[in-house]
Structure formats: C-alpha cells, structure tokens
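Structure, as structure tokens:
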Amino acid sequence: MKNRCTPYILLLIVFSLFVGRISAQQKKEPANTDVKTMKLFFEKTYLHTDRNYYSSGEDIWFSAYLVNGKSTSLTNTSNNLYVELIDPNAELIERKLIRMDAGLGNGDFKLKDTLQSGWYNIRAYTNWMHNFGNDFVFQKKIFITNTINDKDVKVTKKPTKKAENVNITSPKKTITFFPEGGSLVEGVNSIVAFKTNDEFGEGLKAKGSIISSKGDTITTFQSTETGMGIFAFAPVANENYKVEWSYNSEKLVTALPSILKKGFTIHLTTDSAALKASISTNEITFNELLNKQITIIIKHAGDNVYTGSVDLTKPTVSVTIPTKELPAGLASLTLLDQLGRPQCERLVYIQSANRVNFTIHPDKTIYKPKEKVSLKINATNQIGQPVKANLSLAVVDGIVPSDESNIISYLMLQSEIKGDIKNAAQYFDTQNPARFKQLDLLLLTQGWREYLWRKLADTSIKISYMPEPGITIHGSVREKLGNKPLPEMNITLFAPEFKGDKVYFTKTDAAGRYYLDGLNWYGNKAIKLSSRNNKNEKKGWLQIDSLFKPIPINIKNFSPFAVSATISDEIVKRSTYNRKYKLGDSIMLDEVKIVQKKKERVYLFDETLSTFGYPDQVFNITAADYDFKSLEHYLLTNVNGARPAPLDDSVANSGVIFPRSGRPRIIVNNRQDIQDRLDYYELTMNQITKIVIKRLINNNGDDVYVMYLDLKPEALLGPNLDILNINLNGYYTAKTFYSPNYTSNNSSTFRDLRTTVFWAPLLKTNEKGEATVSFHNSDNKSSLVIKVDGITEKGEAITSKSSYKVQ
C-alpha cells in the first residue's frame, strides 16, 4: 500500500507489568499536509562492495553509507535501506533490509548456483527516495561467473534484453559539440568541447577538422580514448562551417552548433585557491552594454553560494573568486546580463579546502602465502591533526580488475551527472597529474542533473513516501463478512524478541487502518497481533499489509564488455576447488536436462514464481472429507510431501511444511494471505470447497509451494480472525567475514584460494586518527589490492588504495 505523505503522530504509552517494560506506539494515517510546510531534502546512498567480479557460490560483501544529498555528511533521516540483487534481465533475485544507524550499515549476498553468467546490478535506496523515482537510487554493475551451469565460462558477455536486438555490425556514430558557456559568438574566441559516441554511448577515438565555406581548414581536433576533446575556435561573421571527422577508416560530416550574432562567452580556470572567470563578448554586444553590470552566480546543490558583479569596461573582463569558503563538489556558474537574463552557464568542480591525508600502510611490501599481514590506517587534516572517520576496507587479489568508482567519485560526481562515467575514480586519484584537466573536460561534455535540485523548491511536488525511523507494521480491521472497516479498534502487538519495547498499542482510524512504526528487530521473529473493541471484546478480521513496496526496476543503459578469459578461468579454478574441499559447500552434480512445457508464472506480492513441470495436486472437498479433524489433518493425510511442523519450529508446531521449502504460501479465495496465518490450518473441512497445491520455483531455483484455498463464506466467521500469530522478517543480520588464523603449527592440507582475503565493513579511526587490522593471506601468489572508503565525522568522503605482494 502507498503511504500518504504527511506528518504522522506517534503515541507512546509506557507502563510496567510483571512481564517487564511495555510500551505503546501509534501512528495515525494523517490528513493531507501542505507541502509548503514540509522541509524537503535529498538522501544519497553508496555501497562499497569488496569487488566487482564473482563466481556462483561466493559472497558479495557490502558496506552502506547514507548521506545528506547536499553534502557527504552521514545522516540518520532514514533507518531502513533496501539493497537488491538484480539479474541481467532486470528481474529481482534477492532483497535485503539493512538497518542504518547514524548513516552506516552492512550486509552480504550469497550467490546461488542457479545464477547464469553475466552482468548483474546491485541497487540500494530508502523509502524516502521513492518520491524521486530512480534519481537517487544507487546502482552498481557486477559480473558473476557460474562455474557449474555454464559449459563455456569463457563466454565474455551476455547482453541484456534491451541490447539483444541491436545491430552491432553497423553502429550509429555521433559527435556532439559543447561550446564553453553554452554558445558560439561571432568574432569571439571560444573553447569548444566535443564528445563522440557509438549507439551504446561508448566513446570513440576520432579526429577531424573545422572547414569553412571556402574549403579552408580552420582548425583540427583529436579525441582521447574515451571520445572527448577540446579545441579553440573563433567563428567569423557571416561564415558557414562544417565538421569533417573520421573514426578508423569511416568518414563522417556534421554541423557545428548555431553561431550567435551577439552574446557572451566564458572561460574558467581553477586552482587550489581560486576560480578565475574570463568573460568575453564581441563588438556589437560590447557597444550595447558598455559600463553595464554583469553578474556571476554560483550554485551548489540548489543553493546560491556566491554572487558577484563586474562592470563591462572592455570586451574581455576577468573575475577571481576565492574558493576557500565555497562548499566542495559540483557547482554551476551562471553569467547574467544587466537585466538578470542568463547568458552563459558552466559546470565547475570546487576542490575541498579541508583535504584529509588518508593513507594505508602494510607492515611489509612482500609476504609469503598464509603469512600474517598488519595494516595501519592513518587520517589527518591538512595541518597534521588526527581525523576521526568511519571506514570500510577490502583486501582483494589483484587478478580482479580494480573498481572504477569509489565513495568520493560517486557522491561528489556520479550521482550528480547524467549518463555513465567511465573510470570515475581517475578524476580524484592524487597519483593522476592530469586529473583536474580530465575532470574539467568531463564537465564540459556531460549533462548535469540540476533539475533534481530544482525539485527542492517545487511546491507542487507530490510526496507519497516518508522517511522510515524503523520497520512499520500496518494493516486494517474489517468485519468478518463484507468489506466494512472497523474504526476505533484497539490493536495490541506482542513482540517478545524485538529490540527495546516488547508490547505496542494503537487504534484503527476511520478507515479501519492501523500503523505501528519505528520497530526494530533482526531476522525472522514471532509476533502476535490482536484486535478488540472498546468493550474489550474480540472483534473483526485483523489483516496486515506487506511491509514493503519496491521502487520499479529501471536499470541504467549499459554496454556489456568482454571479461578477460584469464579472470574467468582463475575464478572458476578457485571456486571449483573451494566447492569441492571446503566444508559446507555445495556438491557438484552432473548436468541434468529437463524438458518442460512453457513456464507459467505466479505473481506474489514479494516474488514471482514459475512452473517447473510439477503437476498440481487438486482436491475437490465433498461430504466424505468432513470426518477429517481439520485442514492440517487433511493435508498431512492426502498431500504428497506434506509433513508436520517440527516441535522446535521457530514459528509454531502447527501447520504443514514441505521438504526444502517450509510452509506453503497461502492464497484464500484468490487473495494472497501475506501474513501466513496459521489459524487456517484449524478450519474444518465442511468450510472448504477446494484445495490446490502448486509446486513452483523462484528466481533462485528454490522450491516454493503455494496452497490455494476456496473457502465458504462462513469459514471467515471463525473465532480467531481477530488474532494473528505470525513470523515476520526484520532487518538482515549480516554475516561475519571468515578470516582464518594460520599459525606455524597449522597442519591444514587444504589450499586457501580466497579471492577476497579480508573484509572489514565497520572500521573506525581512534582519537589519534588511526585504525589497525590484521589478517592472514591466502595461498594465492599475487599482488593484493587494499581499498578503503569512508566518511569523516565532519562529513568528508575519503578513499585510499595501497598494495603488497605475496610471493
């Protein structure tokens, strides 16, 4: 159900009983609120994964950061983060609900053997991000090699559905020009950036010339490997130009952007202390605006952070703007004429004035296999004072290609710029002397998502999803027959295994709906909900809604590229060895081919199931079946595979289970029972007309049983519809990364072929700005890459890399 966006009321009632501390928490669905009274904000999230290349059977480890969208400061505006693994066909494989405390969280995915080789996506978002579509949803591409199902693991790419029908033998090539400031002006020298692309958006290394109407070559240009470049050009009045360019042996012709008769151009240069703007115009414009005032405005994250003016006393005037007090990150500079009309606009990146020196130092540069490694991490500010920071650290075999992104490049650049950015980390790599020029070229050619920040001032924006302070349980109470809602019903939640309070109270509103929010529990826990009227009488049909509504999957355009056969072969070798010899790993089976009819799909609220050739079990109930004690008794007697729940079952020892699947999902009178009620098993058979048992599979290839019940109307008059005894999934409990401790007396005969050698998702520097970790190498002889991402207590994103060798 979609939550209506308005502030809500929390009612807390605290009192003591013999069972301990009991509290009540109430959320009433509010009336519509004027958006003008609401303070809008944006959130961004970033996931640091241990690597980008995996094989089936391995784990993806991730650390999550949630920040204020206007900065990189950790925020506690939301406590719930949804992290999803999505297959190459844009179908959901698995979703984790991660608890974010003070903007930090962590988790993992276990990759099933049923996954096909290909490029997958990881998404992460909060409930609040629903309001802005996919604009702030974090997405990351990873490659997964299946070491069992794929006959040829050297197959290097598998296009998504969107790319399958594209004619890749004759791609359309384009070149686009971006005059600095926005326009070319007659008689004024301008810097012109350009970008070449194929139909997948991949850059092309091209060269070309600007040709006049007389056939003269005015200037030439050549792009980088990524398809970007710049050249200087001063268009002459009343002249026409064309562009002749080539890619390999292919010759192409295109036009330049329109050339203005009058106007302004702007050229920016930056250094560590200032931004210098050179503003130029032609003779016509200068004569019209002599001594008139022109204005420069700089905006960051939708806020005006600088306003300055200069008189136009000559055709070219310069302005120097100190950047020390300006916020770091992407900004837009706009030039306004004397009437306040925009004439030029330019993106610029403001370097941070508070640089953090962030380093990683292994205690050695060369180690032996399984030898202990000690790392020291140090963070200081520009004057050498210690810096406290929250960090995540991965140590990965160098055979895996380096991640082309980091927390700085994502939060400060990728989340603000349209389109894909290749090797985004290079623009912030202090070892790259050309990074500032490369970043400036990127900003000249890549579109900015400024419209996002304009939304903050949009009073018509519809807010439908609120920030989540915890997990919300909500639902409704209605009459047992019919759909009439029951208001003013007293709802009690008993949750003995929740963190904090154990009992909560609330009332249904006029629509019969109830809300309990801010709840905190991990894993699958048993709860009890009850419904009573003001006379303390049991009454109504108590129902619970699904706890979550996902953002529709909208995967960014992606051109699949080849994965090195060396990488695939090595990953296969390691994964196969680990699978064969490590305890708890799957056993490799010979391939079994199953021929089946076309798959049919069953859509449940939280997953999509498919048929797999198993026949349905159909039971039409007659008077001869009325002798069975209950539905549970009937199922255990007649349904193939049905077993009684074990005495130590975490939910209850009632109902039935199926091997390797658990309890069936239940659909009652064509309506899914999302709360998995156990009281249906107590129904007598004279209340049931038909039972259908379907054995299906989910996206992971796991068996899932679905039980369809056709019930008579009187079946819903049972005494227990006012009580729900169910289990609900809460926050995901992250696994602990296994780091073996090898000693000189270790006599293990197994080889350790781990690719991720160490993973620490929640590190902190101490009051000295230091953090230390130690671990043991695997048996792989290789270069090991250490990557650390983090955010300081003052809200600065930081990253660092280091390496060592194992010989």
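Numbering starts fresh at 1 for the residues of each chain in the structure tokens, the chains themselves are lettered A, B, ... in the order given, and ligands are numbered from 1 as they appear.
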
Exercise. Would you list the contacts of range 522-537 of chain A as a PyMOL selection string, taking every protein, DNA or RNA residue within 10 Å and counting only C-alpha atoms, but skipping same-chain residues closer than 3 positions in sequence?
Key: chain A and resi 97-99+476-477+486-499+502-508+540-544+650-652+720-734

Requested in this report: Would you list, as a ChimeraX atom specification, the residues of range 376-537 of chain A that end up in strand (DSSP E) under DSSP run on this structure's backbone?
Outcome: /A:376-380,389-397,471-478,490-494,503-507,513-519,524-532

Problem set entry | Within 9 Å of range 407-422 of chain A using only C-alpha atoms, minus same-chain residues under 5 positions, as a PyMOL selection string | chain A and resi 44-48+65+67+69+71-72+135-138+201+226+328-330+349+427-428+442-443+446-450+452+556-558+789-791+796-799

Could you write out the selected residues, including N, CA, C and O atoms, as a short mmCIF file (atom, residue, chain, number, x, y, z; two decimals), in the first residue's frame?
```
data_model
loop_
_atom_site.label_atom_id
_atom_site.label_comp_id
_atom_site.auth_asym_id
_atom_site.auth_seq_id
_atom_site.Cartn_x
_atom_site.Cartn_y
_atom_site.Cartn_z
N LYS A 44 21.38 10.45 -0.33
CA LYS A 44 22.16 9.63 -1.25
C LYS A 44 22.71 8.45 -0.47
O LYS A 44 23.00 8.57 0.73
N THR A 45 22.87 7.34 -1.16
CA THR A 45 23.49 6.19 -0.52
C THR A 45 24.59 5.65 -1.42
O THR A 45 24.52 5.79 -2.65
N TYR A 46 25.60 5.07 -0.79
CA TYR A 46 26.72 4.49 -1.53
C TYR A 46 27.03 3.13 -0.91
O TYR A 46 27.04 2.97 0.31
N LEU A 47 27.27 2.14 -1.78
CA LEU A 47 27.67 0.81 -1.34
C LEU A 47 29.12 0.56 -1.74
O LEU A 47 29.47 0.68 -2.92
N HIS A 48 29.94 0.22 -0.76
CA HIS A 48 31.30 -0.25 -1.02
C HIS A 48 31.23 -1.77 -1.03
O HIS A 48 31.00 -2.39 0.01
N TYR A 65 26.60 3.44 3.16
CA TYR A 65 26.69 4.79 3.71
C TYR A 65 25.46 5.57 3.24
O TYR A 65 25.13 5.56 2.05
N VAL A 67 23.93 9.46 3.24
CA VAL A 67 24.38 10.84 3.48
C VAL A 67 23.30 11.83 3.07
O VAL A 67 22.39 11.52 2.31
N GLY A 69 21.94 14.62 0.87
CA GLY A 69 22.18 14.82 -0.56
C GLY A 69 22.94 16.06 -0.90
O GLY A 69 23.54 16.16 -1.98
N SER A 71 25.52 17.20 0.78
CA SER A 71 26.90 17.11 1.25
C SER A 71 27.27 15.64 1.29
O SER A 71 26.59 14.81 0.69
N THR A 72 28.33 15.32 1.97
CA THR A 72 28.65 13.90 2.19
C THR A 72 28.63 13.58 3.68
O THR A 72 29.32 12.68 4.14
N ASP A 135 16.04 8.76 -9.42
CA ASP A 135 17.06 9.81 -9.46
C ASP A 135 18.19 9.59 -8.46
O ASP A 135 19.33 9.93 -8.74
N PHE A 136 17.88 9.06 -7.27
CA PHE A 136 18.91 8.90 -6.26
C PHE A 136 19.15 7.44 -5.89
O PHE A 136 19.78 7.15 -4.88
N VAL A 137 18.63 6.52 -6.69
CA VAL A 137 18.84 5.10 -6.44
C VAL A 137 20.28 4.74 -6.81
O VAL A 137 20.74 5.02 -7.92
N PHE A 138 20.99 4.13 -5.89
CA PHE A 138 22.36 3.69 -6.17
C PHE A 138 22.31 2.44 -7.03
O PHE A 138 21.54 1.52 -6.76
N GLY A 201 26.62 4.49 -26.37
CA GLY A 201 27.14 5.57 -25.54
C GLY A 201 28.61 5.45 -25.24
O GLY A 201 29.14 6.19 -24.41
N THR A 226 38.50 7.96 -24.65
CA THR A 226 37.11 7.95 -24.18
C THR A 226 36.19 8.79 -25.05
O THR A 226 35.02 8.96 -24.74
N ALA A 328 32.69 22.14 -1.21
CA ALA A 328 33.35 21.28 -2.19
C ALA A 328 32.31 20.50 -2.99
O ALA A 328 31.24 20.16 -2.50
N GLY A 329 32.66 20.25 -4.24
CA GLY A 329 31.80 19.44 -5.09
C GLY A 329 31.38 20.16 -6.34
O GLY A 329 31.90 21.22 -6.71
N LEU A 330 30.43 19.57 -7.02
CA LEU A 330 29.97 20.09 -8.30
C LEU A 330 29.13 21.34 -8.10
O LEU A 330 28.26 21.39 -7.23
N TYR A 349 34.01 22.08 -10.83
CA TYR A 349 34.19 21.30 -9.61
C TYR A 349 35.05 22.10 -8.64
O TYR A 349 36.17 22.50 -8.96
N TYR A 427 39.39 10.74 -11.70
CA TYR A 427 39.27 12.19 -11.53
C TYR A 427 39.62 12.65 -10.11
O TYR A 427 39.74 13.85 -9.86
N PHE A 428 39.76 11.69 -9.18
CA PHE A 428 40.07 12.02 -7.80
C PHE A 428 41.32 11.30 -7.31
O PHE A 428 41.61 11.32 -6.12
N LEU A 442 35.38 16.50 -18.67
CA LEU A 442 34.16 15.74 -18.42
C LEU A 442 32.98 16.67 -18.17
O LEU A 442 31.89 16.48 -18.72
N LEU A 443 33.19 17.70 -17.35
CA LEU A 443 32.10 18.60 -17.00
C LEU A 443 31.66 19.43 -18.19
O LEU A 443 30.50 19.88 -18.26
N GLN A 446 29.47 16.50 -20.20
CA GLN A 446 28.48 15.62 -19.56
C GLN A 446 27.37 16.47 -18.96
O GLN A 446 27.62 17.50 -18.33
N GLY A 447 26.13 16.08 -19.18
CA GLY A 447 25.00 16.86 -18.69
C GLY A 447 24.83 16.78 -17.19
O GLY A 447 25.08 15.75 -16.57
N TRP A 448 24.36 17.86 -16.61
CA TRP A 448 24.16 17.95 -15.16
C TRP A 448 22.69 17.72 -14.84
O TRP A 448 21.80 18.20 -15.54
N ARG A 449 22.44 17.01 -13.73
CA ARG A 449 21.05 16.76 -13.32
C ARG A 449 20.56 17.87 -12.39
O ARG A 449 20.08 17.61 -11.30
N GLU A 450 20.68 19.11 -12.85
CA GLU A 450 20.29 20.23 -11.98
C GLU A 450 18.80 20.21 -11.65
O GLU A 450 18.38 20.72 -10.62
N LEU A 452 17.13 18.02 -10.50
CA LEU A 452 16.90 17.38 -9.21
C LEU A 452 16.84 18.41 -8.10
O LEU A 452 15.97 18.36 -7.22
N LYS A 556 20.05 1.29 -15.60
CA LYS A 556 20.73 2.22 -16.49
C LYS A 556 21.23 1.50 -17.73
O LYS A 556 21.58 0.33 -17.70
N ASN A 557 21.28 2.24 -18.85
CA ASN A 557 21.84 1.69 -20.08
C ASN A 557 23.27 1.21 -19.83
O ASN A 557 24.04 1.87 -19.15
N PHE A 558 23.59 0.08 -20.42
CA PHE A 558 24.91 -0.49 -20.17
C PHE A 558 25.34 -1.27 -21.41
O PHE A 558 24.57 -2.05 -21.95
N ASP A 789 37.22 2.91 1.80
CA ASP A 789 36.31 4.04 1.63
C ASP A 789 35.84 4.47 3.00
O ASP A 789 35.81 3.67 3.95
N GLY A 790 35.43 5.73 3.12
CA GLY A 790 34.93 6.18 4.41
C GLY A 790 34.42 7.61 4.40
O GLY A 790 34.50 8.31 3.38
N ILE A 791 33.90 8.03 5.54
CA ILE A 791 33.41 9.40 5.74
C ILE A 791 33.86 9.86 7.11
O ILE A 791 33.69 9.15 8.11
N GLU A 796 33.30 14.49 5.41
CA GLU A 796 34.11 14.49 4.20
C GLU A 796 34.31 13.06 3.72
O GLU A 796 34.74 12.19 4.50
N ALA A 797 33.99 12.79 2.46
CA ALA A 797 34.22 11.47 1.89
C ALA A 797 35.71 11.28 1.64
O ALA A 797 36.38 12.19 1.14
N ILE A 798 36.22 10.12 1.99
CA ILE A 798 37.64 9.85 1.83
C ILE A 798 37.83 8.45 1.25
O ILE A 798 36.99 7.57 1.43
N THR A 799 38.92 8.27 0.53
CA THR A 799 39.24 6.96 -0.04
C THR A 799 40.73 6.84 -0.19
O THR A 799 41.45 7.84 -0.31
#
```

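Backbone DSSP of range 236-468 of chain A yields alpha helix (DSSP H) at Glu283, Ile284, Thr285, Phe286, Asn287, Glu288, Ile407, Ile408, Ser409, Arg435, Phe436, Lys437, Gln438, Leu439, Asp440, Leu441, Leu442, Leu443, Leu444, Thr445, Glu450, Tyr451, Leu452, Trp453 and Arg454 of chain A.
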
Between range 690-772 of chain A and range 85-92 of chain A, at 12 Å or less, what are the per-residue closest atom pairs and their distances in Å? Count only C-alpha atoms, order by chain and rising residue number, and return it as JSON lines.
```
{"residue": "A:Asn698", "atom": "CA", "partner": "A:Leu92", "partner_atom": "CA", "distance": 10.2}
{"residue": "A:Asn699", "atom": "CA", "partner": "A:Leu92", "partner_atom": "CA", "distance": 7.6}
{"residue": "A:Asn700", "atom": "CA", "partner": "A:Leu92", "partner_atom": "CA", "distance": 9.7}
```
